[in-house]
Amino acid sequence: MKSVRPYVNAASLNDEKNPVQKFELCFRADNGRVYVYHLHLDESGIVYEELQTFKKKNAAASSLFKVEKQKGGTWLASAKEATGLSKRMDKFLAGDSIGLLVAKFALLGDEDALAVVEWMTEKLYPESLASDTADDVIRQDADLRILDDEKYLEIFRMVDYSICGIELDKEKPYSKTTIIRKGENGNYFRRELQMDSTGVREFFAWAVHIFRVVYENKVVFADEMDRVLNPILSDRVIAFVNGAEHNGQFIFSTHNVLHLDLKTFDGEHTQCPHSRTLLHKNYYSSIKNDKKNDMKEKTLMAICVGMKLNSRLTQELFKKSVNNYQVYVDPYETYTLIMEQFPGLPIDDFNEILSRKRSFFMLIFEKCK
């Protein structure tokens with residue numbers, strides 16, 4: 001394992017002949033412990049590796065093991081005696097390239113190293129917009145199960161809500177799959193994925209990774225998302241990821257400032273329920289005590305908007321209430337339209353669109369009189 005020169009920052013190459021690339025991961029493993037993993041590379045290989053853990057919240061990190069390459073090529077190493085790693089260090093520190101110690105300790109059965117390696121291999125998905133997806137047979141086999149799941153279609157439809165289904169080609173899913181759309185006149189039309197727009201083709205692949213985040217609790221690092229997510233689609237995706245109950249993470253890089261809308265990244269989990277629904281705080285104690293099972297349409301709708309539910313989930317919730325959600329009758333038709341076109345919209349913006357729509361219809365009515 002070594003640094004790859006084309007991926008080293010150009011400014012670093014101007015300052016140093018052999019710059020060091022530094023990587024740091026902080027995560028919570030399946031064993032419940034929080035780890036910090038450090039790895040430094042140059043063109044010769046690994047020059048620094050350390051694994052730390054936090055024993056208590058807000059406490060300083062405790063080092064489990066650490067190795068650092070000295071200028072003369074020798075290694076300086078240390079490990080906690082309590083972990084048993086210190087007795088095993090010397091056998092791995094021979095030669096110029098020693099490989100990943102965390103992987104070697106995992107093979108020896110160390111519990112912390114095993115937890116770290118398992119998280120990296122089973123939970124972490126570093127992805128980029130590869131052009132060879134259609135030719136990657138192993139990846140296709142892993143994706144087919146997801147592509148054939150009904151929940152995948154819910155994600156894929158965010159790119160175009162006229163899409164109502166797919167006919168999956170299991171031999172060539174990323175080119176020969178048929179996309180089914182329903183027009184405003186109720187007619188259906190089909191098109192092979194390879195004949196569709198670039199945005200639809202690329203999001204067809206990225207929707208698989210969003211599925212992994214929400215339904216499989218994976219951590220996806222995404223590069224080159226600017227080519228796929230326009231600001232509207234990014235709002236839909238982020239609202240979907242934030243609005244679902246899961247332990248995954250969707251982390252993507254972007255050069256587009258429009259993707260960094262503070263309304264989207266406002267940490268809505270820190271807001272009080274009132275700011276998200278505009279309902280009186282007394283409602284929440286009543287709901288908690290199971291005394292609000294007969295709430296009216298506007299109250300229930302405010303809660304659905306505050307929870308950032310999509311139209312399908314909103315309709316399912318209404319079925320369990322005393323209200324009849326009539327999709328093709330206003331105001332429900334308007335509710336559905338707003339939720340599908342602007343998923344995850346804050347309650348104030350939702351109400352603003354409703355008020356403007358009413359004003360618009362009033363203006364049309366006055367002209368017709």
# chains A, B, ... in the order shown; residues from 1 in each chain; ligands from 1
>>> residues_around(residues="Val47 of chain A", least_positions_apart="5", cutoff="9 Å", atoms="only C-alpha atoms", output="number ranges by chain")
A: 20, 39-42, 67-70, 75, 97
>>> residues_around(residues="Lys56 of chain A", least_positions_apart="5", cutoff="12 Å", atoms="only C-alpha atoms", output="list in words")
Gly32, Arg33, Val34, Tyr35, Ala61 and Ser62 of chain A
>>> write_last_selection(atoms="C-alpha atoms", output="PDB file, in the first residue's frame")
ATOM      1  CA  GLY A  32     -20.646  -0.107  20.286  1.00  0.00           C
ATOM      2  CA  ARG A  33     -17.165   1.376  20.643  1.00  0.00           C
ATOM      3  CA  VAL A  34     -15.983   4.535  18.875  1.00  0.00           C
ATOM      4  CA  TYR A  35     -12.663   4.244  17.041  1.00  0.00           C
ATOM      5  CA  ALA A  61      -8.902   9.153  22.786  1.00  0.00           C
ATOM      6  CA  SER A  62      -6.810   6.254  24.059  1.00  0.00           C
TER       7      SER A  62
END
>>> closest_residue(among="A:Ile347, A:Leu124, A:Leu337, A:Leu144", to="Ala302 of chain A", atoms="only C-alpha atoms")
A:Ile347
>>> residues_around(residues="Phe65 of chain A", least_positions_apart="2", cutoff="8 Å", atoms="only C-alpha atoms", output="number ranges by chain")
A: 50-52, 63, 67, 77-80, 85-86
>>> write_last_selection(atoms="C-alpha atoms", output="CSV table (one decimal), in the first residue's frame")
chain,number,residue,atom,x,y,z
A,50,GLU,CA,-2.6,4.3,14.7
A,51,LEU,CA,-5.8,3.0,16.2
A,52,GLN,CA,-7.5,4.9,19.0
A,63,SER,CA,-4.2,4.7,21.7
A,67,VAL,CA,3.7,2.7,14.5
A,77,ALA,CA,6.1,1.3,17.7
A,78,SER,CA,3.9,1.3,20.9
A,79,ALA,CA,0.8,-0.6,22.1
A,80,LYS,CA,-1.3,-0.8,25.2
A,85,LEU,CA,-0.8,-6.2,21.1
A,86,SER,CA,2.6,-5.0,22.4
>>> closest_residue(among="A:Glu340, A:Asp112, A:Glu216, A:Glu184", to="Val159 of chain A", atoms="only C-alpha atoms")
A:Glu340
